[in-house]
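Contents: one structure, followed by commentary.
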Amino acid sequence: MTTPRPCSIAATLAVVGEKYALLVLREVLLGVRRFDRIARNTGAPRDVLTARLRRLVEAGVLEKVPYSERPLRHEYVPTDAGLELQPVLLALMDWGDRHLSEHPPTVLVHECGEELGPVVVCAGCGAAATPDSLTARVEAPGWTVSGPDERNA
């Protein structure tokens with residue numbers, strides 16, 4: 001079998017895995033919504049940024065909304081799907097702060113006044129998810145946790 005494992009991570013990376021895509025989303029979620037400021041804050045070349053924004057709009061992660069009629073100018077706002085990616089960005093930021101930075105360059109503060117620390121919890125019981133508390137249940141036909149089901153080959 002040469003077909004890769006069906007995977008939501010791979011499908012998600014097809015949308016946000018290109019260079020600068022998550023940085024664009026970071027900026028939009030921080031409230032930076034206009035092309036020039038997104039370009040400045042991400043360091044993305046203008047042609048690359050244009051392509052990333054177009055892809056994120058096509059995928060339904062961002063919406064292009066006019067903010068000026070004369071001249072016609074647009075800004076980018078997150079859709080519900082874009083807002084749902086915020087925990088992913090928070091987890092990546094937290095990992096980078098712990099493993100790649102002496103001092104976090106940006107700290108997010110919750111409305112209670114404390115620094116935010118992302119935690120994945122069980123939707124059923126509310127307990128924090130840890131690697132030891134998780135078990136994979138493969139739903140894709142013809143696949144097992146270790147790979148293709150050889151009995152169906």
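Chain lettering (A, B, ...) mirrors the order of the structure tokens, residue numbering begins at 1 for each chain separately, and ligand numbering begins at 1 in order of display.
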Open item on the list: What parts of segment 47-150 of chain A does DSSP call helix (DSSP H, G or I)? I'd like the answer as an MDAnalysis selection string.
Closed with: chainID A and resid 47:58 80:83 86:99 131:133 150
Serialized selection, N, CA, C and O atoms, as a CSV table (one decimal), in the first residue's frame:
```csv
chain,number,residue,atom,x,y,z
A,47,ASP,N,4.5,38.9,-2.3
A,47,ASP,CA,3.8,37.9,-3.2
A,47,ASP,C,3.5,36.6,-2.4
A,47,ASP,O,2.4,36.0,-2.6
A,48,VAL,N,4.4,36.2,-1.5
A,48,VAL,CA,4.1,35.0,-0.7
A,48,VAL,C,2.9,35.3,0.2
A,48,VAL,O,2.0,34.5,0.4
A,49,LEU,N,2.9,36.5,0.8
A,49,LEU,CA,1.8,36.9,1.7
A,49,LEU,C,0.5,36.9,1.0
A,49,LEU,O,-0.6,36.4,1.5
A,50,THR,N,0.5,37.4,-0.2
A,50,THR,CA,-0.8,37.4,-1.0
A,50,THR,C,-1.3,36.0,-1.3
A,50,THR,O,-2.5,35.8,-1.1
A,51,ALA,N,-0.4,35.1,-1.6
A,51,ALA,CA,-0.8,33.7,-1.8
A,51,ALA,C,-1.3,33.1,-0.5
A,51,ALA,O,-2.3,32.3,-0.5
A,52,ARG,N,-0.6,33.3,0.6
A,52,ARG,CA,-1.1,32.7,1.9
A,52,ARG,C,-2.5,33.3,2.3
A,52,ARG,O,-3.3,32.5,2.7
A,53,LEU,N,-2.6,34.6,2.1
A,53,LEU,CA,-3.9,35.1,2.5
A,53,LEU,C,-5.0,34.6,1.6
A,53,LEU,O,-6.1,34.2,2.1
A,54,ARG,N,-4.8,34.5,0.3
A,54,ARG,CA,-5.7,33.9,-0.6
A,54,ARG,C,-6.1,32.5,-0.2
A,54,ARG,O,-7.3,32.1,-0.2
A,55,ARG,N,-5.1,31.7,0.1
A,55,ARG,CA,-5.3,30.3,0.5
A,55,ARG,C,-6.2,30.2,1.8
A,55,ARG,O,-7.1,29.4,1.9
A,56,LEU,N,-5.8,31.1,2.8
A,56,LEU,CA,-6.6,31.0,4.0
A,56,LEU,C,-8.0,31.5,3.9
A,56,LEU,O,-8.9,31.0,4.5
A,57,VAL,N,-8.2,32.4,2.9
A,57,VAL,CA,-9.6,32.9,2.6
A,57,VAL,C,-10.4,31.7,1.9
A,57,VAL,O,-11.5,31.4,2.3
A,58,GLU,N,-9.7,31.1,0.9
A,58,GLU,CA,-10.3,30.0,0.2
A,58,GLU,C,-10.7,28.9,1.1
A,58,GLU,O,-11.7,28.2,0.9
A,80,ASP,N,-15.1,31.6,12.1
A,80,ASP,CA,-15.2,30.7,13.3
A,80,ASP,C,-14.1,29.6,13.2
A,80,ASP,O,-13.5,29.3,14.2
A,81,ALA,N,-13.8,29.2,12.0
A,81,ALA,CA,-12.8,28.1,11.8
A,81,ALA,C,-11.4,28.7,12.1
A,81,ALA,O,-10.6,28.0,12.7
A,82,GLY,N,-11.2,30.0,11.8
A,82,GLY,CA,-9.9,30.6,12.1
A,82,GLY,C,-9.8,30.8,13.6
A,82,GLY,O,-8.7,30.5,14.2
A,83,LEU,N,-10.8,31.2,14.3
A,83,LEU,CA,-10.8,31.3,15.8
A,83,LEU,C,-10.5,30.0,16.4
A,83,LEU,O,-9.9,29.9,17.5
A,86,GLN,N,-6.9,29.1,17.3
A,86,GLN,CA,-6.2,29.8,18.3
A,86,GLN,C,-5.5,28.8,19.4
A,86,GLN,O,-4.4,29.0,19.7
A,87,PRO,N,-6.2,27.8,19.8
A,87,PRO,CA,-5.5,26.9,20.8
A,87,PRO,C,-4.3,26.2,20.2
A,87,PRO,O,-3.3,25.9,20.9
A,88,VAL,N,-4.3,26.0,18.9
A,88,VAL,CA,-3.1,25.4,18.2
A,88,VAL,C,-2.0,26.4,18.3
A,88,VAL,O,-0.8,26.0,18.6
A,89,LEU,N,-2.2,27.6,18.0
A,89,LEU,CA,-1.2,28.7,18.1
A,89,LEU,C,-0.7,28.8,19.5
A,89,LEU,O,0.5,29.0,19.8
A,90,LEU,N,-1.6,28.8,20.5
A,90,LEU,CA,-1.2,28.9,21.9
A,90,LEU,C,-0.3,27.8,22.3
A,90,LEU,O,0.7,28.0,23.0
A,91,ALA,N,-0.6,26.5,21.8
A,91,ALA,CA,0.2,25.4,22.2
A,91,ALA,C,1.6,25.5,21.5
A,91,ALA,O,2.6,25.2,22.2
A,92,LEU,N,1.6,25.9,20.3
A,92,LEU,CA,2.9,26.1,19.6
A,92,LEU,C,3.7,27.2,20.3
A,92,LEU,O,5.0,27.1,20.5
A,93,MET,N,3.1,28.3,20.7
A,93,MET,CA,3.8,29.4,21.4
A,93,MET,C,4.3,28.9,22.7
A,93,MET,O,5.5,29.2,23.1
A,94,ASP,N,3.5,28.2,23.5
A,94,ASP,CA,3.9,27.7,24.8
A,94,ASP,C,5.1,26.8,24.6
A,94,ASP,O,6.1,26.9,25.4
A,95,TRP,N,5.1,25.9,23.7
A,95,TRP,CA,6.2,25.0,23.4
A,95,TRP,C,7.5,25.8,23.1
A,95,TRP,O,8.6,25.5,23.7
A,96,GLY,N,7.4,26.7,22.2
A,96,GLY,CA,8.5,27.6,21.8
A,96,GLY,C,9.0,28.4,23.0
A,96,GLY,O,10.3,28.5,23.2
A,97,ASP,N,8.1,28.9,23.8
A,97,ASP,CA,8.6,29.6,25.0
A,97,ASP,C,9.4,28.8,25.9
A,97,ASP,O,10.4,29.2,26.5
A,98,ARG,N,9.0,27.5,26.1
A,98,ARG,CA,9.6,26.6,27.0
A,98,ARG,C,10.9,26.0,26.5
A,98,ARG,O,11.9,25.8,27.2
A,99,HIS,N,11.0,25.8,25.2
A,99,HIS,CA,12.1,25.1,24.6
A,99,HIS,C,13.0,25.9,23.7
A,99,HIS,O,14.2,25.4,23.4
A,131,PRO,N,0.1,12.3,27.8
A,131,PRO,CA,0.4,11.2,26.8
A,131,PRO,C,0.0,9.8,27.4
A,131,PRO,O,-0.5,8.9,26.6
A,132,ASP,N,0.2,9.6,28.7
A,132,ASP,CA,-0.2,8.3,29.3
A,132,ASP,C,-1.7,8.1,29.4
A,132,ASP,O,-2.1,6.9,29.6
A,133,SER,N,-2.5,9.1,29.3
A,133,SER,CA,-3.9,9.0,29.5
A,133,SER,C,-4.7,8.8,28.2
A,133,SER,O,-5.9,8.6,28.1
A,150,GLU,N,-2.8,-5.3,7.4
A,150,GLU,CA,-2.2,-6.3,6.5
A,150,GLU,C,-3.2,-7.4,6.2
A,150,GLU,O,-3.1,-8.1,5.1
```
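Between atom CA of Cys122 of chain A and atom CA of Leu134 of chain A lies a distance of 9.8 Å.
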- [ ] Enumerate the residues of segment 12-71 of chain A with a DSSP assignment of strand (DSSP E), computed from the backbone, and present them as a list in words.
- [x]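 Everything in segment 12-71 of chain A that counts as strand (DSSP E) is Leu62, Glu63, Lys64, Val65, Pro66, Tyr67 and Ser68 of chain A.
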Go ahead and save the residues from that selection, with C-alpha atoms, as a JSON list (two decimals), in the first residue's frame.
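After the write, selection34.json holds the following:
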```
[["chain", "number", "residue", "atom", "x", "y", "z"],
["A", 62, "LEU", "CA", -10.08, 34.12, 7.12],
["A", 63, "GLU", "CA", -12.58, 36.44, 5.51],
["A", 64, "LYS", "CA", -11.56, 39.38, 3.31],
["A", 65, "VAL", "CA", -13.71, 42.37, 4.30],
["A", 66, "PRO", "CA", -13.64, 45.87, 2.81],
["A", 67, "TYR", "CA", -12.82, 48.66, 5.28],
["A", 68, "SER", "CA", -12.57, 51.50, 2.74]]
```
Task: Within 10 Å of Val16 of chain A using only C-alpha atoms, minus same-chain residues under 6 positions, as a list in words - done: Ala10, Leu22, Leu23, Val24, Leu25, Arg52, Arg55, Leu56, Ala59, Val61 and Leu85 of chain A
Dump of N, CA and C atoms for the selected residues, as a PDB file, in the first residue's frame:
```
ATOM      1  N   ALA A  10      -2.592  15.949   8.638  1.00  0.00           N
ATOM      2  CA  ALA A  10      -2.122  16.197   7.271  1.00  0.00           C
ATOM      3  C   ALA A  10      -3.077  17.130   6.527  1.00  0.00           C
ATOM      4  N   LEU A  22       0.669  30.235   9.535  1.00  0.00           N
ATOM      5  CA  LEU A  22       0.347  30.366  10.966  1.00  0.00           C
ATOM      6  C   LEU A  22       0.769  31.728  11.505  1.00  0.00           C
ATOM      7  N   LEU A  23       1.812  32.318  10.930  1.00  0.00           N
ATOM      8  CA  LEU A  23       2.207  33.658  11.367  1.00  0.00           C
ATOM      9  C   LEU A  23       1.176  34.693  10.930  1.00  0.00           C
ATOM     10  N   VAL A  24       0.598  34.519   9.756  1.00  0.00           N
ATOM     11  CA  VAL A  24      -0.502  35.382   9.320  1.00  0.00           C
ATOM     12  C   VAL A  24      -1.668  35.243  10.289  1.00  0.00           C
ATOM     13  N   LEU A  25      -2.006  34.023  10.620  1.00  0.00           N
ATOM     14  CA  LEU A  25      -3.112  33.790  11.548  1.00  0.00           C
ATOM     15  C   LEU A  25      -2.801  34.390  12.918  1.00  0.00           C
ATOM     16  N   ARG A  52      -0.644  33.336   0.623  1.00  0.00           N
ATOM     17  CA  ARG A  52      -1.092  32.739   1.892  1.00  0.00           C
ATOM     18  C   ARG A  52      -2.458  33.273   2.289  1.00  0.00           C
ATOM     19  N   ARG A  55      -5.098  31.686   0.119  1.00  0.00           N
ATOM     20  CA  ARG A  55      -5.344  30.288   0.518  1.00  0.00           C
ATOM     21  C   ARG A  55      -6.154  30.212   1.807  1.00  0.00           C
ATOM     22  N   LEU A  56      -5.844  31.057   2.781  1.00  0.00           N
ATOM     23  CA  LEU A  56      -6.581  31.041   4.047  1.00  0.00           C
ATOM     24  C   LEU A  56      -8.026  31.503   3.859  1.00  0.00           C
ATOM     25  N   ALA A  59      -9.875  28.609   2.103  1.00  0.00           N
ATOM     26  CA  ALA A  59     -10.093  27.496   3.034  1.00  0.00           C
ATOM     27  C   ALA A  59     -11.113  27.834   4.118  1.00  0.00           C
ATOM     28  N   VAL A  61     -10.693  30.051   6.577  1.00  0.00           N
ATOM     29  CA  VAL A  61     -10.040  30.378   7.853  1.00  0.00           C
ATOM     30  C   VAL A  61     -10.115  31.885   8.105  1.00  0.00           C
ATOM     31  N   LEU A  85      -8.557  27.800  15.535  1.00  0.00           N
ATOM     32  CA  LEU A  85      -7.130  27.472  15.457  1.00  0.00           C
ATOM     33  C   LEU A  85      -6.313  28.161  16.550  1.00  0.00           C
TER      34      LEU A  85
END
```
TODO: Please measure the separation of atom CA of Leu72 of chain A and atom CA of Pro45 of chain A, giving the value in Å to one decimal.
DONE: 22.0 Å
List the spatial neighbours of Phe35 of chain A as a compact mmCIF listing (two decimals) with N, CA, C and O atoms, in the first residue's frame - criterion: any atom at most 9 Å away, only C-alpha atoms, same-chain residues fewer than 3 positions off excluded.
```
# COMPACT_ATOMS: atom_id res chain seq x y z
N VAL A 32 -4.17 42.40 14.16
CA VAL A 32 -3.50 43.03 13.02
C VAL A 32 -4.17 42.49 11.77
O VAL A 32 -4.01 41.31 11.45
N ILE A 38 0.48 43.16 8.36
CA ILE A 38 0.74 41.72 8.41
C ILE A 38 2.09 41.43 7.76
O ILE A 38 2.90 40.66 8.29
N ALA A 39 2.35 42.07 6.62
CA ALA A 39 3.63 41.87 5.93
C ALA A 39 4.79 42.31 6.83
O ALA A 39 5.78 41.59 6.97
N ARG A 40 4.66 43.46 7.45
CA ARG A 40 5.73 43.97 8.32
C ARG A 40 5.97 43.02 9.50
O ARG A 40 7.10 42.69 9.83
N ARG A 46 5.80 40.11 -0.12
CA ARG A 46 4.43 40.50 -0.50
C ARG A 46 3.75 39.45 -1.37
O ARG A 46 2.58 39.16 -1.19
N LEU A 49 2.88 36.51 0.85
CA LEU A 49 1.78 36.89 1.74
C LEU A 49 0.45 36.90 0.99
O LEU A 49 -0.56 36.40 1.49
N THR A 50 0.45 37.42 -0.21
CA THR A 50 -0.76 37.45 -1.03
C THR A 50 -1.28 36.02 -1.25
O THR A 50 -2.47 35.75 -1.10
N LEU A 53 -2.64 34.57 2.15
CA LEU A 53 -3.95 35.15 2.49
C LEU A 53 -5.04 34.58 1.59
O LEU A 53 -6.12 34.24 2.06
N HIS A 74 -9.04 46.30 1.82
CA HIS A 74 -9.60 45.17 2.57
C HIS A 74 -8.78 44.89 3.82
O HIS A 74 -7.60 45.22 3.89
N GLU A 75 -9.41 44.25 4.76
CA GLU A 75 -8.72 43.70 5.92
C GLU A 75 -9.15 42.25 6.05
O GLU A 75 -10.11 41.81 5.41
N TYR A 76 -8.44 41.52 6.87
CA TYR A 76 -8.68 40.09 7.03
C TYR A 76 -9.15 39.83 8.46
O TYR A 76 -8.51 40.26 9.41
```
Task: Straight-line distance linking atom CA of Lys19 of chain A with atom CA of Gly43 of chain A, stated in Å to one decimal - done: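 Computing it gives 11.0 Å between the two atoms.
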